[in-house]
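Trainee: So here's protein-v4.csv (CSV, C-alpha atoms).
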chain,number,residue,atom,x,y,z
A,178,LYS,CA,0.0,0.0,0.0
A,179,GLN,CA,1.4,3.4,-1.0
A,180,GLU,CA,2.2,5.7,1.8
A,181,VAL,CA,3.6,9.2,1.6
A,182,THR,CA,5.9,10.9,4.2
A,183,GLN,CA,6.6,14.6,4.2
A,184,ILE,CA,9.4,16.1,6.2
A,185,PRO,CA,9.4,18.4,8.1
A,186,ALA,CA,5.9,18.3,9.4
A,187,ALA,CA,6.0,22.0,10.3
A,188,LEU,CA,8.4,24.8,9.6
A,189,SER,CA,8.4,28.4,10.8
A,190,VAL,CA,11.0,30.7,9.3
A,191,PRO,CA,11.6,34.5,8.8
A,192,GLU,CA,11.0,35.8,5.3
A,193,GLY,CA,13.8,35.7,2.9
A,194,GLU,CA,15.0,32.2,3.7
A,195,ASN,CA,15.4,29.5,1.1
A,196,LEU,CA,13.5,26.4,2.1
A,197,VAL,CA,13.5,22.7,1.2
A,198,LEU,CA,10.5,20.4,1.7
A,199,ASN,CA,10.8,16.7,1.3
A,200,CYS,CA,8.4,14.0,0.1
A,201,SER,CA,8.9,10.3,-0.1
A,202,PHE,CA,6.8,7.3,-1.2
A,203,THR,CA,7.0,3.7,0.0
A,204,ASP,CA,6.3,2.5,-3.5
A,205,SER,CA,8.7,4.1,-5.9
A,206,ALA,CA,6.6,3.2,-8.9
A,207,ILE,CA,5.5,6.8,-9.4
A,208,TYR,CA,4.1,7.8,-12.7
A,209,ASN,CA,4.3,11.5,-12.1
A,210,LEU,CA,4.5,13.8,-9.1
A,211,GLN,CA,2.5,16.9,-8.2
A,212,TRP,CA,3.0,19.5,-5.5
A,213,PHE,CA,0.1,21.4,-4.1
A,214,ARG,CA,-0.5,24.1,-1.5
A,215,GLN,CA,-3.5,24.3,0.7
A,216,ASP,CA,-4.6,27.4,2.6
A,217,PRO,CA,-6.7,27.0,5.7
A,218,GLY,CA,-10.3,25.9,4.9
A,219,LYS,CA,-9.6,25.9,1.1
A,220,GLY,CA,-9.1,23.4,-1.6
A,221,LEU,CA,-5.7,22.5,-3.1
A,222,THR,CA,-3.9,24.6,-5.6
A,223,SER,CA,-1.5,22.9,-8.0
A,224,LEU,CA,2.0,24.3,-7.9
A,225,LEU,CA,4.1,22.0,-10.0
A,226,LEU,CA,3.7,18.8,-12.0
A,227,ILE,CA,6.6,16.6,-12.8
A,228,GLN,CA,5.7,14.2,-15.6
A,229,SER,CA,7.1,10.7,-15.8
A,230,SER,CA,9.8,11.7,-18.4
A,231,GLN,CA,11.0,14.7,-16.4
A,232,ARG,CA,13.2,15.1,-13.4
A,233,GLU,CA,12.3,18.6,-12.3
A,234,GLN,CA,10.1,21.6,-12.9
A,235,THR,CA,10.4,25.3,-12.1
A,236,SER,CA,7.8,28.0,-11.6
A,237,GLY,CA,9.0,31.4,-10.4
A,238,ARG,CA,10.6,30.9,-6.9
A,239,LEU,CA,9.6,27.2,-6.8
A,240,ASN,CA,11.6,24.3,-8.0
A,241,ALA,CA,10.6,20.6,-7.6
A,242,SER,CA,12.7,17.6,-8.4
A,243,LEU,CA,11.9,13.9,-8.6
A,244,ASP,CA,14.1,10.9,-8.1
A,245,LYS,CA,11.9,8.0,-9.2
A,246,SER,CA,14.4,5.3,-8.3
A,247,SER,CA,14.2,6.3,-4.7
A,248,GLY,CA,10.7,7.5,-4.6
A,249,ARG,CA,11.7,11.0,-3.4
A,250,SER,CA,10.8,14.5,-4.3
A,251,THR,CA,12.0,17.8,-3.1
A,252,LEU,CA,10.3,21.2,-3.3
A,253,TYR,CA,12.6,24.2,-3.1
A,254,ILE,CA,11.2,27.6,-2.2
A,255,ALA,CA,13.6,30.5,-2.8
A,256,ALA,CA,13.4,33.8,-0.9
A,257,SER,CA,10.3,32.8,1.1
A,258,GLN,CA,7.6,35.4,1.7
A,259,PRO,CA,4.7,35.6,4.2
A,260,GLY,CA,2.3,34.8,1.4
A,261,ASP,CA,4.0,31.4,1.1
A,262,SER,CA,2.5,30.4,4.4
A,263,ALA,CA,0.3,27.3,3.8
A,264,THR,CA,0.3,23.6,4.0
A,265,TYR,CA,2.3,21.9,1.2
A,266,LEU,CA,1.3,18.5,-0.1
A,267,CYS,CA,2.7,16.1,-2.6
A,268,GLY,CA,1.0,13.3,-4.5
A,269,GLY,CA,2.2,10.9,-7.1
A,270,THR,CA,0.3,7.9,-8.2
A,271,ASP,CA,-2.6,7.1,-10.5
A,272,LYS,CA,-4.9,8.0,-7.6
A,273,LEU,CA,-3.5,10.7,-5.4
A,274,ILE,CA,-2.6,9.6,-1.9
A,275,PHE,CA,-1.4,12.3,0.4
A,276,GLY,CA,0.7,12.4,3.5
A,277,THR,CA,0.2,14.8,6.3
A,278,GLY,CA,2.0,17.6,4.5
A,279,THR,CA,4.3,20.3,5.7
A,280,ARG,CA,2.8,23.3,7.4
A,281,LEU,CA,4.9,26.3,6.6
A,282,GLN,CA,4.7,29.7,8.3
A,283,VAL,CA,6.8,32.5,7.0
A,284,PHE,CA,6.9,35.5,9.3
A,285,PRO,CA,7.9,39.1,8.4
B,188,GLY,CA,-6.5,25.9,-17.0
B,189,ALA,CA,-8.7,23.1,-16.0
B,190,VAL,CA,-11.2,24.2,-13.3
B,191,VAL,CA,-13.4,22.1,-11.0
B,192,SER,CA,-16.3,23.8,-9.4
B,193,GLN,CA,-17.6,22.3,-6.1
B,194,HIS,CA,-20.9,23.3,-4.4
B,195,PRO,CA,-21.9,24.1,-1.8
B,196,SER,CA,-18.9,25.6,-0.1
B,197,ARG,CA,-20.6,25.3,3.3
B,198,VAL,CA,-23.7,23.4,4.5
B,199,ILE,CA,-25.3,22.9,7.9
B,200,CYS,CA,-27.8,20.1,8.2
B,201,LYS,CA,-29.8,18.4,10.9
B,202,SER,CA,-28.8,14.9,12.1
B,203,GLY,CA,-30.6,12.2,10.1
B,204,THR,CA,-30.9,14.2,6.8
B,205,SER,CA,-29.0,13.7,3.6
B,206,VAL,CA,-26.7,16.2,1.9
B,207,LYS,CA,-25.5,16.3,-1.7
B,208,ILE,CA,-22.2,17.8,-2.7
B,209,GLU,CA,-21.6,18.5,-6.4
B,210,CYS,CA,-18.3,18.5,-8.3
B,211,ARG,CA,-18.3,19.8,-11.9
B,212,SER,CA,-15.5,20.0,-14.4
B,213,LEU,CA,-16.1,23.3,-16.2
B,214,ASP,CA,-13.8,23.2,-19.2
B,215,PHE,CA,-12.8,19.6,-19.6
B,216,GLN,CA,-14.3,16.1,-19.4
B,217,ALA,CA,-13.4,14.2,-16.3
B,218,THR,CA,-13.8,10.5,-16.7
B,219,THR,CA,-12.3,10.0,-13.2
B,220,MET,CA,-12.9,12.0,-10.1
B,221,PHE,CA,-11.8,11.5,-6.5
B,222,TRP,CA,-13.5,12.3,-3.3
B,223,TYR,CA,-11.5,13.1,-0.1
B,224,ARG,CA,-12.3,13.9,3.4
B,225,GLN,CA,-10.2,16.1,5.7
B,226,PHE,CA,-10.3,16.4,9.4
B,227,PRO,CA,-9.0,19.5,11.1
B,228,LYS,CA,-5.2,19.9,10.8
B,229,LYS,CA,-5.0,16.5,9.1
B,230,SER,CA,-4.2,15.5,5.6
B,231,LEU,CA,-6.7,14.4,2.9
B,232,MET,CA,-8.0,10.9,3.2
B,233,LEU,CA,-9.1,9.4,-0.1
B,234,MET,CA,-12.6,8.1,0.2
B,235,ALA,CA,-13.5,6.8,-3.3
B,236,THR,CA,-12.7,7.0,-7.0
B,237,SER,CA,-15.6,7.9,-9.2
B,238,ASN,CA,-15.7,6.7,-12.8
B,239,GLU,CA,-18.2,8.0,-15.3
B,240,GLY,CA,-20.8,5.5,-16.1
B,241,SER,CA,-19.7,2.9,-13.6
B,242,LYS,CA,-19.8,2.2,-9.9
B,243,ALA,CA,-17.4,4.1,-7.6
B,244,THR,CA,-14.5,2.3,-6.0
B,245,TYR,CA,-14.4,2.9,-2.3
B,246,GLU,CA,-11.3,2.8,-0.1
B,247,GLN,CA,-11.1,0.4,2.7
B,248,GLY,CA,-13.2,1.5,5.7
B,249,VAL,CA,-15.4,3.9,3.8
B,250,GLU,CA,-19.1,3.0,4.0
B,251,LYS,CA,-20.7,2.7,0.6
B,252,ASP,CA,-24.2,3.1,1.9
B,253,LYS,CA,-23.3,6.2,3.9
B,254,PHE,CA,-21.4,8.0,1.1
B,255,LEU,CA,-23.2,7.6,-2.2
B,256,ILE,CA,-21.3,8.6,-5.2
B,257,ASN,CA,-22.8,9.1,-8.6
B,258,HIS,CA,-20.8,10.0,-11.8
B,259,ALA,CA,-23.6,10.1,-14.4
B,260,SER,CA,-21.9,12.4,-16.9
B,261,LEU,CA,-18.4,13.4,-18.0
B,262,THR,CA,-18.6,16.7,-16.1
B,263,LEU,CA,-20.4,15.9,-12.9
B,264,SER,CA,-19.8,13.7,-9.9
B,265,THR,CA,-21.9,13.9,-6.7
B,266,LEU,CA,-21.3,12.8,-3.2
B,267,THR,CA,-24.4,12.2,-1.0
B,268,VAL,CA,-23.9,11.9,2.7
B,269,THR,CA,-26.9,9.9,3.8
B,270,SER,CA,-28.5,10.0,7.2
B,271,ALA,CA,-25.9,12.4,8.4
B,272,HIS,CA,-24.6,12.4,11.9
B,273,PRO,CA,-22.4,14.8,13.8
B,274,GLU,CA,-19.4,12.5,13.2
B,275,ASP,CA,-19.8,13.1,9.5
B,276,SER,CA,-19.0,16.7,10.0
B,277,SER,CA,-15.8,17.4,8.0
B,278,PHE,CA,-14.3,19.1,5.0
B,279,TYR,CA,-15.0,17.2,1.8
B,280,ILE,CA,-12.9,17.9,-1.4
B,281,CYS,CA,-13.2,16.5,-4.9
B,282,SER,CA,-10.5,16.2,-7.5
B,283,ALA,CA,-10.5,15.4,-11.2
B,284,ARG,CA,-7.9,13.9,-13.4
B,285,VAL,CA,-7.2,16.3,-16.3
B,286,GLY,CA,-7.1,14.0,-19.3
B,287,GLN,CA,-4.6,11.2,-18.9
B,288,VAL,CA,-2.6,10.8,-15.7
B,289,SER,CA,0.3,12.7,-17.1
B,290,TYR,CA,-1.7,16.0,-17.1
B,291,GLY,CA,-2.1,15.9,-13.3
B,292,TYR,CA,-5.1,16.7,-11.1
B,293,THR,CA,-7.2,19.7,-10.2
B,294,PHE,CA,-9.2,20.2,-7.1
B,295,GLY,CA,-12.5,21.8,-6.1
B,296,SER,CA,-12.6,24.4,-3.4
B,297,GLY,CA,-14.1,22.0,-0.8
B,298,THR,CA,-17.3,21.7,1.2
B,299,ARG,CA,-17.5,22.3,4.9
B,300,LEU,CA,-20.2,20.1,6.2
B,301,THR,CA,-21.6,20.6,9.7
B,302,VAL,CA,-24.2,18.2,11.1
B,303,VAL,CA,-26.1,19.5,14.1
Show how you would write the structure in this file as structure tokens.

Mentor:
Amino acid sequence: KQEVTQIPAALSVPEGENLVLNCSFTDSAIYNLQWFRQDPGKGLTSLLLIQSSQREQTSGRLNASLDKSSGRSTLYIAASQPGDSATYLCGGTDKLIFGTGTRLQVFP
Amino acid sequence: GAVVSQHPSRVICKSGTSVKIECRSLDFQATTMFWYRQFPKKSLMLMATSNEGSKATYEQGVEKDKFLINHASLTLSTLTVTSAHPEDSSFYICSARVGQVSYGYTFGSGTRLTVV
């Protein structure tokens, strides 16, 4: 059974710091990998999608990489801002299974 | 981009009544949709996979008769919470696969259900 682990579970940093969020799967047979953010009481917003033939994707200050052989993905957030505060979730199978996510707080 | 519209955003119902939540794909056809439940400060728990024109596939531990899923068209899936009780109060979110798996998933904005 696929399980997802995200580290750290929570992170509180001053703005401007560069951050690394980690995601790992027990079953490394991942077709593609998608990162989301969730604001309190809201749905999920897709941030980045790494397709099966890709190893990383970049969007603005966000960069995500995928190592399919180990079943691990990393989300890198550059120059963090208070608006980045949210819960970050990764999912990567034919039906999205999520871990508990990383709750990020960026303070001014 | 692909958009999924979920309604209602909030609903309060009396114990014993049924509540229907709708999830519509607005600009694409969604042959597969997913329903999740989320408890406060917890992650999303997959409840079931909804396939257009066929019966939904429920995850282990999810009561089929309690959570009725219908996916009668390529743009609409519904979740009905039957005979709701306070313990069914939760945040429910739907998701749709955009085309093939390689195009990723998009989520609705969620429904906050409160059973009193």

Trainee: Return the neighbours of chain A among the residues of chain B, cut-off 6 Å, counting all atoms listed in the file, as a PDB file with C-alpha atoms, keeping the file's coordinate frame.

Mentor:
ATOM      1  CA  SER B 230      -4.200  15.500   5.600  1.00  0.00           C
ATOM      2  CA  SER B 289       0.300  12.700 -17.100  1.00  0.00           C
ATOM      3  CA  PHE B 294      -9.200  20.200  -7.100  1.00  0.00           C
ATOM      4  CA  GLY B 295     -12.500  21.800  -6.100  1.00  0.00           C
ATOM      5  CA  SER B 296     -12.600  24.400  -3.400  1.00  0.00           C
ATOM      6  CA  GLY B 297     -14.100  22.000  -0.800  1.00  0.00           C
TER       7      GLY B 297
END

Trainee: Near Asn195 of chain A, within 9 Å and counting all atoms listed in the file, which residues show up once chain neighbours fewer than 2 positions away are dropped, as a list of chain:residue names?

Mentor: A:Glu192, A:Gly193, A:Val197, A:Tyr253, A:Ile254, A:Ala255, A:Ala256, A:Ser257

Trainee: Please determine, counting all atoms listed in the file, which residue among A:Leu198, A:Asp204, A:Val190, A:Ser247 has the shortest atom-to-atom distance to Lys178 of chain A.

Mentor: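 Using all atoms listed in the file, the shortest distance to Lys178 of chain A belongs to A:Asp204.
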
Trainee: When you draw a straight line from atom CA of Tyr279 of chain B to atom CA of Ser260 of chain B, how long is it in Å?

Mentor: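 Spanning atom CA of Tyr279 of chain B to atom CA of Ser260 of chain B is a straight-line distance of 20.5 Å.
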
Trainee: Within 8 Å of segment 207-217 of chain B, counting all atoms listed in the file, which residues qualify if same-chain residues fewer than 4 places away don't, as a list in words?

Mentor: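 The residues that qualify are Ala189, Val190, Val191, Ser192, Gln193, His194, Pro195, Glu239, Leu261, Thr262, Leu263, Ser264, Thr265, Leu266, Thr267, Val268, Cys281, Ala283, Arg284, Val285, Gly286, Gly295 and Thr298 of chain B.
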
Trainee: So that I can see what lies close to Arg299 of chain B, please list as a ChimeraX atom specification the residues with an atom at most 8 Å from it, counting only C-alpha atoms and leaving out residues fewer than 3 positions away in the same chain.

Mentor: /B:196-198,276-279

Trainee: For a test of reading the model, state the distance in Å between atom CA of Ser282 of chain B and atom CA of Arg238 of chain A, rounded to one decimal.

Mentor: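 Separation of atom CA of Ser282 of chain B and atom CA of Arg238 of chain A: 25.7 Å.
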
Trainee: Could you complete segment 208-219 of chain A so that it carries all heavy atoms, and give it back as a PDB file, keeping the file's coordinate frame?

Mentor:
ATOM      1  N   TYR A 208       4.170   7.398 -11.305  1.00  0.00           N
ATOM      2  CA  TYR A 208       4.100   7.800 -12.700  1.00  0.00           C
ATOM      3  C   TYR A 208       4.454   9.226 -12.907  1.00  0.00           C
ATOM      4  O   TYR A 208       5.264   9.570 -13.746  1.00  0.00           O
ATOM      5  CB  TYR A 208       2.630   7.544 -13.201  1.00  0.00           C
ATOM      6  CG  TYR A 208       2.500   7.762 -14.685  1.00  0.00           C
ATOM      7  CD1 TYR A 208       2.873   6.767 -15.564  1.00  0.00           C
ATOM      8  CD2 TYR A 208       2.041   8.969 -15.195  1.00  0.00           C
ATOM      9  CE1 TYR A 208       2.785   6.962 -16.935  1.00  0.00           C
ATOM     10  CE2 TYR A 208       1.952   9.171 -16.564  1.00  0.00           C
ATOM     11  CZ  TYR A 208       2.322   8.169 -17.423  1.00  0.00           C
ATOM     12  OH  TYR A 208       2.234   8.364 -18.767  1.00  0.00           O
ATOM     13  N   ASN A 209       3.839  10.114 -12.123  1.00  0.00           N
ATOM     14  CA  ASN A 209       4.300  11.500 -12.100  1.00  0.00           C
ATOM     15  C   ASN A 209       4.077  12.050 -10.699  1.00  0.00           C
ATOM     16  O   ASN A 209       3.606  11.351  -9.814  1.00  0.00           O
ATOM     17  CB  ASN A 209       3.489  12.350 -13.124  1.00  0.00           C
ATOM     18  CG  ASN A 209       1.986  12.310 -12.887  1.00  0.00           C
ATOM     19  OD1 ASN A 209       1.528  11.964 -11.805  1.00  0.00           O
ATOM     20  ND2 ASN A 209       1.224  12.641 -13.889  1.00  0.00           N
ATOM     21  N   LEU A 210       4.491  13.268 -10.465  1.00  0.00           N
ATOM     22  CA  LEU A 210       4.500  13.800  -9.100  1.00  0.00           C
ATOM     23  C   LEU A 210       3.981  15.251  -9.167  1.00  0.00           C
ATOM     24  O   LEU A 210       4.368  16.033 -10.033  1.00  0.00           O
ATOM     25  CB  LEU A 210       5.970  13.804  -8.603  1.00  0.00           C
ATOM     26  CG  LEU A 210       6.264  14.029  -7.112  1.00  0.00           C
ATOM     27  CD1 LEU A 210       6.037  15.467  -6.680  1.00  0.00           C
ATOM     28  CD2 LEU A 210       5.484  13.079  -6.235  1.00  0.00           C
ATOM     29  N   GLN A 211       3.073  15.538  -8.250  1.00  0.00           N
ATOM     30  CA  GLN A 211       2.500  16.900  -8.200  1.00  0.00           C
ATOM     31  C   GLN A 211       2.558  17.458  -6.837  1.00  0.00           C
ATOM     32  O   GLN A 211       2.257  16.778  -5.851  1.00  0.00           O
ATOM     33  CB  GLN A 211       1.001  16.754  -8.677  1.00  0.00           C
ATOM     34  CG  GLN A 211       0.366  18.033  -9.136  1.00  0.00           C
ATOM     35  CD  GLN A 211      -0.944  17.788  -9.899  1.00  0.00           C
ATOM     36  OE1 GLN A 211      -1.357  16.652 -10.108  1.00  0.00           O
ATOM     37  NE2 GLN A 211      -1.597  18.866 -10.307  1.00  0.00           N
ATOM     38  N   TRP A 212       2.958  18.734  -6.760  1.00  0.00           N
ATOM     39  CA  TRP A 212       3.000  19.500  -5.500  1.00  0.00           C
ATOM     40  C   TRP A 212       1.807  20.430  -5.457  1.00  0.00           C
ATOM     41  O   TRP A 212       1.492  21.084  -6.452  1.00  0.00           O
ATOM     42  CB  TRP A 212       4.287  20.242  -5.352  1.00  0.00           C
ATOM     43  CG  TRP A 212       5.459  19.405  -4.926  1.00  0.00           C
ATOM     44  CD1 TRP A 212       6.351  18.765  -5.731  1.00  0.00           C
ATOM     45  CD2 TRP A 212       5.868  19.142  -3.580  1.00  0.00           C
ATOM     46  NE1 TRP A 212       7.285  18.107  -4.966  1.00  0.00           N
ATOM     47  CE2 TRP A 212       7.021  18.325  -3.646  1.00  0.00           C
ATOM     48  CE3 TRP A 212       5.383  19.507  -2.331  1.00  0.00           C
ATOM     49  CZ2 TRP A 212       7.691  17.873  -2.514  1.00  0.00           C
ATOM     50  CZ3 TRP A 212       6.048  19.064  -1.190  1.00  0.00           C
ATOM     51  CH2 TRP A 212       7.192  18.255  -1.296  1.00  0.00           C
ATOM     52  N   PHE A 213       1.214  20.521  -4.259  1.00  0.00           N
ATOM     53  CA  PHE A 213       0.100  21.400  -4.100  1.00  0.00           C
ATOM     54  C   PHE A 213       0.308  22.259  -2.814  1.00  0.00           C
ATOM     55  O   PHE A 213       1.092  21.905  -1.927  1.00  0.00           O
ATOM     56  CB  PHE A 213      -1.209  20.603  -3.808  1.00  0.00           C
ATOM     57  CG  PHE A 213      -1.610  19.676  -4.920  1.00  0.00           C
ATOM     58  CD1 PHE A 213      -1.094  18.393  -4.999  1.00  0.00           C
ATOM     59  CD2 PHE A 213      -2.523  20.093  -5.877  1.00  0.00           C
ATOM     60  CE1 PHE A 213      -1.466  17.527  -6.018  1.00  0.00           C
ATOM     61  CE2 PHE A 213      -2.913  19.239  -6.898  1.00  0.00           C
ATOM     62  CZ  PHE A 213      -2.376  17.955  -6.965  1.00  0.00           C
ATOM     63  N   ARG A 214      -0.415  23.362  -2.737  1.00  0.00           N
ATOM     64  CA  ARG A 214      -0.500  24.100  -1.500  1.00  0.00           C
ATOM     65  C   ARG A 214      -1.962  24.182  -1.090  1.00  0.00           C
ATOM     66  O   ARG A 214      -2.864  24.234  -1.939  1.00  0.00           O
ATOM     67  CB  ARG A 214       0.122  25.490  -1.579  1.00  0.00           C
ATOM     68  CG  ARG A 214      -0.605  26.486  -2.426  1.00  0.00           C
ATOM     69  CD  ARG A 214       0.011  27.885  -2.294  1.00  0.00           C
ATOM     70  NE  ARG A 214      -0.450  28.589  -1.099  1.00  0.00           N
ATOM     71  CZ  ARG A 214       0.097  29.710  -0.646  1.00  0.00           C
ATOM     72  NH1 ARG A 214       1.108  30.275  -1.271  1.00  0.00           N
ATOM     73  NH2 ARG A 214      -0.370  30.301   0.460  1.00  0.00           N
ATOM     74  N   GLN A 215      -2.189  24.196   0.213  1.00  0.00           N
ATOM     75  CA  GLN A 215      -3.500  24.300   0.700  1.00  0.00           C
ATOM     76  C   GLN A 215      -3.559  25.411   1.778  1.00  0.00           C
ATOM     77  O   GLN A 215      -2.843  25.341   2.771  1.00  0.00           O
ATOM     78  CB  GLN A 215      -4.060  23.009   1.320  1.00  0.00           C
ATOM     79  CG  GLN A 215      -5.510  23.095   1.770  1.00  0.00           C
ATOM     80  CD  GLN A 215      -6.041  21.811   2.361  1.00  0.00           C
ATOM     81  OE1 GLN A 215      -5.296  21.024   2.936  1.00  0.00           O
ATOM     82  NE2 GLN A 215      -7.355  21.575   2.231  1.00  0.00           N
ATOM     83  N   ASP A 216      -4.387  26.407   1.557  1.00  0.00           N
ATOM     84  CA  ASP A 216      -4.600  27.400   2.600  1.00  0.00           C
ATOM     85  C   ASP A 216      -5.727  26.970   3.479  1.00  0.00           C
ATOM     86  O   ASP A 216      -6.592  26.186   3.075  1.00  0.00           O
ATOM     87  CB  ASP A 216      -4.955  28.752   1.876  1.00  0.00           C
ATOM     88  CG  ASP A 216      -3.775  29.280   1.079  1.00  0.00           C
ATOM     89  OD1 ASP A 216      -2.833  29.766   1.714  1.00  0.00           O
ATOM     90  OD2 ASP A 216      -3.775  29.160  -0.171  1.00  0.00           O
ATOM     91  N   PRO A 217      -5.757  27.440   4.719  1.00  0.00           N
ATOM     92  CA  PRO A 217      -6.700  27.000   5.700  1.00  0.00           C
ATOM     93  C   PRO A 217      -8.182  27.061   5.184  1.00  0.00           C
ATOM     94  O   PRO A 217      -8.609  28.109   4.700  1.00  0.00           O
ATOM     95  CB  PRO A 217      -6.513  27.902   6.892  1.00  0.00           C
ATOM     96  CG  PRO A 217      -5.078  28.276   6.787  1.00  0.00           C
ATOM     97  CD  PRO A 217      -4.812  28.409   5.311  1.00  0.00           C
ATOM     98  N   GLY A 218      -8.901  25.964   5.272  1.00  0.00           N
ATOM     99  CA  GLY A 218     -10.300  25.900   4.900  1.00  0.00           C
ATOM    100  C   GLY A 218     -10.536  26.006   3.371  1.00  0.00           C
ATOM    101  O   GLY A 218     -11.666  26.220   2.929  1.00  0.00           O
ATOM    102  N   LYS A 219      -9.480  25.797   2.588  1.00  0.00           N
ATOM    103  CA  LYS A 219      -9.600  25.900   1.100  1.00  0.00           C
ATOM    104  C   LYS A 219      -9.239  24.564   0.481  1.00  0.00           C
ATOM    105  O   LYS A 219      -8.751  23.639   1.115  1.00  0.00           O
ATOM    106  CB  LYS A 219      -8.660  26.985   0.599  1.00  0.00           C
ATOM    107  CG  LYS A 219      -8.862  28.354   1.219  1.00  0.00           C
ATOM    108  CD  LYS A 219     -10.207  28.951   0.869  1.00  0.00           C
ATOM    109  CE  LYS A 219     -10.337  30.354   1.424  1.00  0.00           C
ATOM    110  NZ  LYS A 219     -11.673  30.950   1.119  1.00  0.00           N
TER     111      LYS A 219
END
